[in-house]
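Structure file query35.pdb (PDB, C-alpha atoms) follows.
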MODEL        1
ATOM      1  CA  LEU A   5      29.618  44.246 -72.930
ATOM      2  CA  GLY A   6      30.138  43.444 -76.599
ATOM      3  CA  GLN A   7      31.130  45.546 -79.571
ATOM      4  CA  GLU A   8      29.361  45.368 -82.885
ATOM      5  CA  VAL A   9      31.386  46.417 -85.920
ATOM      6  CA  VAL A  10      29.150  48.316 -88.328
ATOM      7  CA  PRO A  11      29.993  47.434 -91.957
ATOM      8  CA  ASN A  12      31.466  50.291 -94.053
ATOM      9  CA  SER A  13      31.076  52.778 -91.193
ATOM     10  CA  GLY A  14      34.669  52.878 -89.988
ATOM     11  CA  CYS A  15      33.552  52.558 -86.362
ATOM     12  CA  GLY A  16      31.798  50.186 -84.037
ATOM     13  CA  SER A  17      29.041  50.456 -81.466
ATOM     14  CA  TRP A  18      28.332  49.234 -77.969
ATOM     15  CA  LEU A  19      26.277  46.052 -78.049
ATOM     16  CA  LEU A  20      24.242  45.843 -74.834
ATOM     17  CA  GLU A  21      22.514  42.469 -74.543
ATOM     18  CA  PRO A  22      20.004  41.163 -71.999
ATOM     19  CA  GLN A  23      20.457  38.081 -69.864
ATOM     20  CA  GLN A  24      19.929  34.901 -71.857
ATOM     21  CA  THR A  25      20.047  31.176 -71.141
ATOM     22  CA  GLN A  26      21.600  28.781 -73.627
ATOM     23  CA  LEU A  27      19.394  25.687 -73.651
ATOM     24  CA  TYR A  28      21.512  23.548 -75.965
ATOM     25  CA  GLY A  29      24.430  21.579 -74.560
ATOM     26  CA  GLU A  30      27.728  20.658 -76.226
ATOM     27  CA  THR A  31      27.249  23.525 -78.654
ATOM     28  CA  ALA A  32      30.636  23.743 -80.441
ATOM     29  CA  THR A  33      29.754  20.779 -82.670
ATOM     30  CA  MET A  34      26.191  19.835 -81.955
ATOM     31  CA  ALA A  35      24.710  16.339 -81.859
ATOM     32  CA  THR A  36      21.056  15.339 -81.604
ATOM     33  CA  GLN A  37      19.532  16.247 -78.229
ATOM     34  CA  THR A  38      16.214  16.592 -76.418
ATOM     35  CA  LYS A  39      15.345  19.646 -74.308
ATOM     36  CA  THR A  40      12.362  20.471 -72.125
ATOM     37  CA  VAL A  41      10.730  23.715 -73.312
ATOM     38  CA  THR A  42       7.728  25.823 -72.363
ATOM     39  CA  ALA A  43       4.993  27.143 -74.641
ATOM     40  CA  VAL A  44       6.666  30.511 -75.310
ATOM     41  CA  GLU A  45       8.572  31.931 -78.242
ATOM     42  CA  HIS A  46      12.029  30.393 -78.818
ATOM     43  CA  THR A  47      14.810  31.180 -81.274
ATOM     44  CA  VAL A  48      17.431  28.769 -82.572
ATOM     45  CA  GLY A  49      20.517  29.436 -84.654
ATOM     46  CA  PHE A  50      23.771  27.851 -85.828
ATOM     47  CA  TYR A  51      26.628  28.034 -88.319
ATOM     48  CA  GLY A  52      27.399  25.355 -90.896
ATOM     49  CA  THR A  53      25.918  23.493 -93.816
ATOM     50  CA  GLY A  54      23.920  20.932 -91.850
ATOM     51  CA  THR A  55      20.295  20.748 -90.758
ATOM     52  CA  ILE A  56      18.405  20.658 -87.462
ATOM     53  CA  THR A  57      15.069  18.870 -87.755
ATOM     54  CA  PHE A  58      12.587  19.517 -84.933
ATOM     55  CA  THR A  59      10.036  17.012 -83.645
ATOM     56  CA  GLY A  60       8.092  16.600 -80.429
ATOM     57  CA  THR A  61       6.711  19.942 -79.275
ATOM     58  CA  TYR A  62       7.461  21.599 -82.630
ATOM     59  CA  THR A  63       7.701  20.310 -86.191
ATOM     60  CA  GLY A  64      10.009  22.010 -88.663
ATOM     61  CA  SER A  65      13.629  22.376 -89.718
ATOM     62  CA  LEU A  66      16.474  24.864 -90.050
ATOM     63  CA  VAL A  67      18.971  24.429 -92.877
ATOM     64  CA  GLY A  68      22.480  25.856 -92.778
ATOM     65  CA  THR A  69      23.845  27.939 -95.646
ATOM     66  CA  GLY A  70      27.602  28.028 -94.961
ATOM     67  CA  VAL A  71      30.353  27.602 -92.388
ATOM     68  CA  ASN A  72      30.507  31.374 -91.818
ATOM     69  CA  ASP A  73      26.746  32.015 -92.039
ATOM     70  CA  ARG A  74      24.459  32.062 -89.030
ATOM     71  CA  VAL A  75      20.918  30.928 -89.787
ATOM     72  CA  GLU A  76      18.052  31.593 -87.367
ATOM     73  CA  LEU A  77      14.497  30.417 -86.752
ATOM     74  CA  THR A  78      11.920  31.783 -84.297
ATOM     75  CA  PHE A  79       9.031  29.491 -83.340
ATOM     76  CA  THR A  80       6.588  28.777 -80.512
ATOM     77  CA  PRO A  81       6.495  25.139 -79.358
ATOM     78  CA  THR A  82       4.019  23.479 -77.069
ATOM     79  CA  ALA A  83       5.251  22.620 -73.593
ATOM     80  CA  GLY A  84       7.199  19.391 -73.308
ATOM     81  CA  SER A  85      10.178  17.718 -75.005
ATOM     82  CA  LEU A  86      11.696  19.343 -78.089
ATOM     83  CA  ILE A  87      13.828  16.930 -80.105
ATOM     84  CA  SER A  88      16.533  18.533 -82.258
ATOM     85  CA  THR A  89      17.877  15.967 -84.720
ATOM     86  CA  VAL A  90      21.189  16.993 -86.295
ATOM     87  CA  SER A  91      22.498  15.994 -89.701
ATOM     88  CA  GLY A  92      25.642  17.362 -91.328
ATOM     89  CA  SER A  93      27.762  20.197 -89.922
ATOM     90  CA  VAL A  94      26.048  22.191 -87.163
ATOM     91  CA  THR A  95      28.446  24.376 -85.135
ATOM     92  CA  SER A  96      28.119  27.158 -82.531
ATOM     93  CA  SER A  97      24.458  26.281 -82.028
ATOM     94  CA  GLN A  98      22.182  28.231 -79.731
ATOM     95  CA  LEU A  99      18.610  27.878 -78.411
ATOM     96  CA  VAL A 100      17.084  30.625 -76.262
ATOM     97  CA  THR A 101      13.648  31.869 -75.273
ATOM     98  CA  GLY A 102      12.339  34.996 -77.002
ATOM     99  CA  SER A 103      12.695  36.371 -80.517
ATOM    100  CA  TYR A 104      16.223  37.775 -80.110
ATOM    101  CA  LEU A 105      19.156  35.427 -80.659
ATOM    102  CA  GLY A 106      22.051  37.109 -78.887
ATOM    103  CA  SER A 107      25.774  36.609 -79.222
ATOM    104  CA  TYR A 108      26.877  32.993 -79.164
ATOM    105  CA  ILE A 109      26.979  31.432 -75.666
ATOM    106  CA  PRO A 110      29.410  28.478 -75.670
ATOM    107  CA  ASN A 111      28.352  25.477 -73.598
ATOM    108  CA  THR A 112      30.579  22.461 -72.996
ATOM    109  CA  THR A 113      28.098  20.787 -70.617
ATOM    110  CA  THR A 114      24.865  18.944 -71.277
ATOM    111  CA  GLY A 115      22.800  21.353 -69.154
ATOM    112  CA  ALA A 116      21.807  24.991 -69.656
ATOM    113  CA  VAL A 117      24.128  27.955 -69.046
ATOM    114  CA  THR A 118      23.210  31.605 -68.501
ATOM    115  CA  ARG A 119      24.975  34.762 -69.667
ATOM    116  CA  LEU A 120      24.202  37.790 -67.486
ATOM    117  CA  GLY A 121      22.900  41.003 -69.028
ATOM    118  CA  ASP A 122      25.291  43.830 -69.908
ATOM    119  CA  ILE A 123      25.282  46.719 -67.423
ATOM    120  CA  PRO A 124      27.296  49.881 -68.252
ATOM    121  CA  ASN A 125      28.603  51.661 -65.162
ATOM    122  CA  ASN A 126      30.075  55.081 -64.334
ATOM    123  CA  SER A 127      28.267  56.905 -67.135
ATOM    124  CA  GLY A 128      27.713  60.588 -66.496
ATOM    125  CA  ASN A 129      29.464  63.428 -64.695
ATOM    126  CA  ALA A 130      27.350  65.837 -62.680
ATOM    127  CA  ASN A 131      29.670  68.729 -63.575
ATOM    128  CA  LEU A 132      28.896  68.238 -67.262
ATOM    129  CA  ILE A 133      25.101  68.065 -66.901
ATOM    130  CA  ASN A 134      23.063  71.282 -66.804
ATOM    131  CA  SER A 135      19.808  71.136 -64.840
ATOM    132  CA  GLU A 136      18.544  74.395 -66.366
ATOM    133  CA  GLU A 137      18.697  73.387 -70.025
ATOM    134  CA  GLY A 138      20.441  70.954 -72.315
ATOM    135  CA  THR A 139      20.297  68.431 -75.121
ATOM    136  CA  LEU A 140      20.425  64.672 -74.778
ATOM    137  CA  TYR A 141      21.678  62.978 -77.950
ATOM    138  CA  ALA A 142      21.751  59.309 -78.932
ATOM    139  CA  GLU A 143      22.322  57.183 -82.011
ATOM    140  CA  ILE A 144      20.736  53.834 -81.243
ATOM    141  CA  ALA A 145      19.134  50.691 -82.644
ATOM    142  CA  ALA A 146      16.959  48.085 -80.922
ATOM    143  CA  LEU A 147      17.929  44.414 -80.908
ATOM    144  CA  ALA A 148      14.466  43.126 -81.827
ATOM    145  CA  ASN A 149      10.790  44.000 -81.889
ATOM    146  CA  ASP A 150      10.148  41.816 -78.858
ATOM    147  CA  SER A 151       7.641  43.799 -76.745
ATOM    148  CA  VAL A 152      10.448  45.033 -74.471
ATOM    149  CA  SER A 153      10.910  48.661 -73.403
ATOM    150  CA  ARG A 154      14.462  50.024 -73.447
ATOM    151  CA  TYR A 155      15.393  53.496 -72.172
ATOM    152  CA  PHE A 156      18.216  55.786 -71.169
ATOM    153  CA  SER A 157      17.817  58.746 -68.832
ATOM    154  CA  LEU A 158      19.066  61.821 -67.014
ATOM    155  CA  SER A 159      17.989  61.974 -63.373
ATOM    156  CA  ASP A 160      18.836  63.101 -59.859
ATOM    157  CA  GLY A 161      19.410  59.472 -58.930
ATOM    158  CA  SER A 162      15.750  58.835 -58.178
ATOM    159  CA  SER A 163      12.506  58.394 -60.092
ATOM    160  CA  SER A 164      11.176  61.791 -58.883
ATOM    161  CA  ASN A 165      13.268  63.958 -61.226
ATOM    162  CA  ARG A 166      14.224  62.499 -64.574
ATOM    163  CA  ILE A 167      14.241  62.780 -68.340
ATOM    164  CA  ARG A 168      13.522  59.359 -69.794
ATOM    165  CA  PHE A 169      13.762  58.532 -73.482
ATOM    166  CA  GLY A 170      13.841  55.355 -75.536
ATOM    167  CA  TYR A 171      11.916  52.668 -77.347
ATOM    168  CA  THR A 172       8.642  51.375 -75.924
ATOM    169  CA  SER A 173       7.229  47.839 -75.941
ATOM    170  CA  VAL A 174       5.248  48.762 -79.080
ATOM    171  CA  ASP A 175       7.064  48.051 -82.356
ATOM    172  CA  ASN A 176       8.858  51.109 -83.821
ATOM    173  CA  SER A 177       7.617  53.444 -81.072
ATOM    174  CA  TYR A 178       9.601  55.893 -78.933
ATOM    175  CA  ARG A 179       8.639  57.884 -75.833
ATOM    176  CA  LEU A 180       9.909  60.965 -74.009
ATOM    177  CA  LEU A 181       8.837  61.337 -70.375
ATOM    178  CA  ILE A 182       9.955  64.275 -68.214
ATOM    179  CA  ILE A 183       9.141  64.328 -64.493
ATOM    180  CA  GLN A 184       9.753  67.024 -61.884
ATOM    181  CA  ASN A 185       9.206  66.192 -58.200
ATOM    182  CA  GLY A 186       7.097  63.185 -59.175
ATOM    183  CA  ALA A 187       4.794  65.163 -61.501
ATOM    184  CA  THR A 188       4.757  64.534 -65.258
ATOM    185  CA  GLN A 189       5.741  67.615 -67.258
ATOM    186  CA  VAL A 190       6.126  66.195 -70.766
ATOM    187  CA  ASP A 191       4.885  62.905 -72.189
ATOM    188  CA  ILE A 192       5.438  62.396 -75.926
ATOM    189  CA  THR A 193       5.018  59.179 -77.901
ATOM    190  CA  ASN A 194       5.695  58.836 -81.620
ATOM    191  CA  THR A 195       7.031  56.334 -84.153
ATOM    192  CA  VAL A 196       9.973  55.805 -86.488
ATOM    193  CA  SER A 197      10.036  53.656 -89.593
ATOM    194  CA  ASN A 198      12.339  51.023 -88.091
ATOM    195  CA  THR A 199      13.847  50.793 -84.587
ATOM    196  CA  LEU A 200      16.132  47.955 -85.723
ATOM    197  CA  SER A 201      18.074  50.433 -87.874
ATOM    198  CA  TYR A 202      20.141  53.220 -86.344
ATOM    199  CA  ASN A 203      18.203  56.401 -85.564
ATOM    200  CA  LYS A 204      19.663  59.704 -84.367
ATOM    201  CA  PHE A 205      17.669  61.384 -81.582
ATOM    202  CA  ALA A 206      18.220  64.801 -80.029
ATOM    203  CA  ILE A 207      16.051  65.690 -77.006
ATOM    204  CA  LYS A 208      16.058  69.417 -76.227
ATOM    205  CA  TYR A 209      14.973  70.436 -72.734
ATOM    206  CA  LYS A 210      14.455  73.938 -71.337
ATOM    207  CA  GLN A 211      11.698  75.599 -69.332
ATOM    208  CA  ASN A 212       8.587  75.567 -71.569
ATOM    209  CA  ASP A 213      10.742  74.571 -74.542
ATOM    210  CA  PHE A 214      11.003  70.853 -75.318
ATOM    211  CA  ALA A 215      11.553  69.069 -78.623
ATOM    212  CA  VAL A 216      12.522  65.721 -80.090
ATOM    213  CA  TRP A 217      14.556  65.682 -83.294
ATOM    214  CA  VAL A 218      14.737  62.420 -85.253
ATOM    215  CA  ASN A 219      17.370  61.993 -87.948
ATOM    216  CA  GLY A 220      17.681  65.757 -88.354
ATOM    217  CA  ILE A 221      13.955  66.551 -88.402
ATOM    218  CA  GLU A 222      12.035  68.154 -85.535
ATOM    219  CA  GLU A 223       9.202  65.689 -84.960
ATOM    220  CA  ASP A 224       7.763  66.653 -81.541
ATOM    221  CA  VAL A 225       7.373  69.950 -79.664
ATOM    222  CA  ASP A 226       5.976  70.824 -76.229
ATOM    223  CA  THR A 227       5.967  74.459 -75.077
ATOM    224  CA  SER A 228       4.747  73.889 -71.526
ATOM    225  CA  GLY A 229       6.566  72.180 -68.687
ATOM    226  CA  ASN A 230       9.158  72.408 -65.935
ATOM    227  CA  ILE A 231      12.687  71.000 -65.814
ATOM    228  CA  PRO A 232      13.555  68.213 -63.342
ATOM    229  CA  PHE A 233      15.658  69.288 -60.367
ATOM    230  CA  ASN A 234      19.328  68.412 -59.816
ATOM    231  CA  LEU A 235      20.027  66.336 -62.904
ATOM    232  CA  SER A 236      23.292  64.527 -62.227
ATOM    233  CA  ASP A 237      23.129  60.918 -63.462
ATOM    234  CA  LEU A 238      23.228  59.545 -66.995
ATOM    235  CA  ALA A 239      22.058  55.925 -67.094
ATOM    236  CA  PHE A 240      21.166  53.186 -69.555
ATOM    237  CA  ASP A 241      17.782  52.636 -67.909
ATOM    238  CA  ASN A 242      14.535  54.517 -67.194
ATOM    239  CA  GLY A 243      16.038  56.493 -64.311
ATOM    240  CA  ALA A 244      14.442  54.232 -61.713
ATOM    241  CA  GLY A 245      16.562  51.126 -62.312
ATOM    242  CA  GLY A 246      14.268  49.359 -64.777
ATOM    243  CA  ASP A 247      13.748  49.029 -68.550
ATOM    244  CA  ASN A 248      17.495  48.758 -69.213
ATOM    245  CA  PHE A 249      18.594  49.881 -72.643
ATOM    246  CA  TYR A 250      19.477  46.649 -74.390
ATOM    247  CA  GLY A 251      20.417  47.496 -77.938
ATOM    248  CA  LYS A 252      23.163  48.951 -80.120
ATOM    249  CA  ASN A 253      24.584  52.329 -79.198
ATOM    250  CA  LYS A 254      26.902  54.287 -81.504
ATOM    251  CA  ALA A 255      26.707  57.545 -79.517
ATOM    252  CA  LEU A 256      25.276  58.940 -76.288
ATOM    253  CA  ALA A 257      26.036  62.544 -75.285
ATOM    254  CA  VAL A 258      24.766  65.365 -73.093
ATOM    255  CA  TYR A 259      25.151  69.026 -74.090
ATOM    256  CA  LYS A 260      24.841  71.832 -71.546
ATOM    257  CA  THR A 261      22.707  74.036 -73.808
ATOM    258  CA  ALA A 262      19.368  73.556 -75.549
ATOM    259  CA  LEU A 263      20.732  73.246 -79.059
ATOM    260  CA  THR A 264      18.797  74.534 -82.062
TER     261      THR A 264
ENDMDL
END
Output the structure of this file as structure tokens.
Amino acid sequence: LGQEVVPNSGCGSWLLEPQQTQLYGETATMATQTKTVTAVEHTVGFYGTGTITFTGTYTGSLVGTGVNDRVELTFTPTAGSLISTVSGSVTSSQLVTGSYLGSYIPNTTTGAVTRLGDIPNNSGNANLINSEEGTLYAEIAALANDSVSRYFSLSDGSSSNRIRFGYTSVDNSYRLLIIQNGATQVDITNTVSNTLSYNKFAIKYKQNDFAVWVNGIEEDVDTSGNIPFNLSDLAFDNGAGGDNFYGKNKALAVYKTALT
């Protein structure tokens, strides 16, 4: 579990990152190397003033801009051998699959190493969660527009009764799903201008009185639906153990009343 310091904000945020595999070896000060890659999106990054020139399954280059600057490049190679030729100073290098280049994964070997995904535990207290009404609040940002869903939820510990909210696999899209005894009560999908920036969401839930507020504006209303039974668990997933919320989280709170 990492912490991102937000510039000029005076506070940080939880940085929850997915599992990633570092494909480069000997990453502290990188030398030329060849790696076997598949024909999917990859992202490379490093610090320094040097250059990585790519040949083989992809042709291109990434040029460093400073010892304290991290430069990044996302590309899709063909399957086979990717040759990364290094010139100049290339430090703290990283090559991963996907469009999100996570926190630096050091590797002192010549093979690949994997960092496990962040999993927050012990979130939520049943005595502080009201199953009759309440407000779920979050200030969050996504890591990337990478076709990955990321949710947090209130539930009874199962998928049958839950309030699920978060970003969908569609760029800049959010969804609220409320289920009671396995039956959908509320299903709202809408968009924000940018999920990569912090957005403040307040989800109000009460019998026949549901709303989603985004950055202080009431964007979505539903006046018909039942409340899930026995809400007791607050989790950084969809309430059924999937779609973990990987992103940046400055605040997550549950209020026992349906706030106005």
Checklist entry - How many Å separate CA of Leu158 (chain A) from CA of Asn212 (chain A)? => result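 These atoms are spaced 17.9 Å apart.
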Item to check | Residues selected by the PyMOL selection byres ((chain A and resi 74) around 6), written as a PyMOL selection string | outcome: chain A and resi 50-51+73+75
Checklist entry - Got a sec: who's within 7 Å of Ile183 (chain A), counting only C-alpha atoms, leaving out chain neighbours fewer than 3 positions off, as a VMD selection string? => result chain A and resid 164 to 167 186 to 189 232
Item to check | Nearest to Gly138 (chain A), chosen from A:Thr57, A:Gln211, A:Thr36, A:Asn125, with all atoms listed in the file counted in the distances | outcome: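 Nearest candidate to Gly138 (chain A) out of A:Thr57, A:Gln211, A:Thr36, A:Asn125: A:Gln211.
Using only C-alpha atoms, the residues found no farther than 7 Å from region 249-263 of chain A, other than those of its own chain fewer than 4 positions away, are Gly16, Ser17, Trp18, Leu19, Leu20, Glu21, Pro22, Leu132, Ile133, Asn134, Glu137, Gly138, Thr139, Leu140, Tyr141, Ala142, Glu143, Ile144, Ala145, Ala146, Leu147, Arg154, Tyr155, Phe156, Lys208, Tyr209, Lys210, Phe240 and Asp241 of chain A.
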Item to check | Shortest interatomic distance to Gly102 (chain A) - which of A:Ala130, A:Ala215, A:Val152, A:Val190, counting all atoms listed in the file | outcome: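 Distance minimum relative to Gly102 (chain A) lands on A:Val152.
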Item to check | Length of the CA of Phe233 (chain A) to CA of Ser157 (chain A) vector [Å] | outcome: 13.7 Å
Mind working out the centre and edge lengths of an axis-aligned box for region 48-66 of chain A, all listed atoms inside, 3 Å added to each side, rounded to one decimal in Å and written as AutoDock Vina command-line options?
--center_x 17.1 --center_y 23.0 --center_z -86.5 --size_x 26.7 --size_y 18.8 --size_z 20.5
Next on the checklist: Just the number, please: distance in Å from CA of Val196 (chain A) to CA of Phe214 (chain A), one decimal.
Outcome noted: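 Interatomic distance, CA of Val196 (chain A) to CA of Phe214 (chain A): 18.8 Å.
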Checklist entry - If the PyMOL selection byres ((chain A and resi 82-85) around 6) is run on the structure shown, which residues does it catch, given as a list in words? => result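 So the PyMOL selection byres ((chain A and resi 82-85) around 6) ends up selecting Lys39, Thr40, Val41, Thr42, Ala43, Gly60, Thr61, Pro81 and Leu86 of chain A.
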Next, dump the selected residues to file, keeping only C-alpha atoms, as an mmCIF file, in the frame of the given file.
data_model
loop_
_atom_site.group_PDB
_atom_site.id
_atom_site.type_symbol
_atom_site.label_atom_id
_atom_site.label_comp_id
_atom_site.auth_asym_id
_atom_site.auth_seq_id
_atom_site.Cartn_x
_atom_site.Cartn_y
_atom_site.Cartn_z
ATOM 1 C CA LYS A 39 15.345 19.646 -74.308
ATOM 2 C CA THR A 40 12.362 20.471 -72.125
ATOM 3 C CA VAL A 41 10.730 23.715 -73.312
ATOM 4 C CA THR A 42 7.728 25.823 -72.363
ATOM 5 C CA ALA A 43 4.993 27.143 -74.641
ATOM 6 C CA GLY A 60 8.092 16.600 -80.429
ATOM 7 C CA THR A 61 6.711 19.942 -79.275
ATOM 8 C CA PRO A 81 6.495 25.139 -79.358
ATOM 9 C CA LEU A 86 11.696 19.343 -78.089
#
Checklist entry - When the PyMOL selection byres ((chain A and resi 103) around 10) is applied to the file above, which residues end up in the set, as a VMD selection string? => result chain A and resid 44 to 48 76 to 80 100 to 102 104 to 106 147 to 151
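With all atoms listed in the file as the atoms that count, the residue of A:Gly245, A:Ala116, A:Ser201, A:Gly52 with the shortest distance to Val94 (chain A) is A:Gly52.
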Atom completion result for region 61-74 of chain A (N, CA, C and O atoms) as a short mmCIF file (atom, residue, chain, number, x, y, z; two decimals), in the frame of the given file:
data_model
loop_
_atom_site.label_atom_id
_atom_site.label_comp_id
_atom_site.auth_asym_id
_atom_site.auth_seq_id
_atom_site.Cartn_x
_atom_site.Cartn_y
_atom_site.Cartn_z
N THR A 61 7.59 18.80 -79.55
CA THR A 61 6.71 19.94 -79.28
C THR A 61 6.66 20.94 -80.42
O THR A 61 5.89 21.90 -80.38
N TYR A 62 7.50 20.74 -81.44
CA TYR A 62 7.46 21.60 -82.63
C TYR A 62 7.94 20.79 -83.82
O TYR A 62 8.88 19.98 -83.70
N THR A 63 7.32 21.01 -84.97
CA THR A 63 7.70 20.31 -86.19
C THR A 63 8.21 21.32 -87.21
O THR A 63 7.53 22.28 -87.55
N GLY A 64 9.42 21.10 -87.68
CA GLY A 64 10.01 22.01 -88.66
C GLY A 64 11.48 21.71 -88.81
O GLY A 64 12.00 20.72 -88.27
N SER A 65 12.20 22.58 -89.52
CA SER A 65 13.63 22.38 -89.72
C SER A 65 14.32 23.70 -89.98
O SER A 65 13.69 24.69 -90.35
N LEU A 66 15.63 23.71 -89.76
CA LEU A 66 16.47 24.86 -90.05
C LEU A 66 17.68 24.35 -90.80
O LEU A 66 18.40 23.46 -90.32
N VAL A 67 17.92 24.92 -91.99
CA VAL A 67 18.97 24.43 -92.88
C VAL A 67 20.10 25.45 -92.94
O VAL A 67 19.87 26.64 -93.18
N GLY A 68 21.32 24.99 -92.72
CA GLY A 68 22.48 25.86 -92.78
C GLY A 68 22.83 26.26 -94.20
O GLY A 68 22.55 25.54 -95.16
N THR A 69 23.50 27.42 -94.32
CA THR A 69 23.84 27.94 -95.65
C THR A 69 25.34 28.13 -95.84
O THR A 69 25.78 28.53 -96.91
N GLY A 70 26.16 27.87 -94.80
CA GLY A 70 27.60 28.03 -94.96
C GLY A 70 28.30 28.02 -93.63
O GLY A 70 27.71 28.32 -92.59
N VAL A 71 29.60 27.72 -93.64
CA VAL A 71 30.35 27.60 -92.39
C VAL A 71 30.47 28.94 -91.68
O VAL A 71 30.64 29.00 -90.45
N ASN A 72 30.39 30.05 -92.41
CA ASN A 72 30.51 31.37 -91.82
C ASN A 72 29.17 32.11 -91.76
O ASN A 72 29.13 33.31 -91.44
N ASP A 73 28.08 31.41 -92.06
CA ASP A 73 26.75 32.02 -92.04
C ASP A 73 25.97 31.52 -90.82
O ASP A 73 25.95 30.32 -90.56
N ARG A 74 25.32 32.45 -90.15
CA ARG A 74 24.46 32.06 -89.03
C ARG A 74 23.01 32.11 -89.50
O ARG A 74 22.52 33.16 -89.92
#
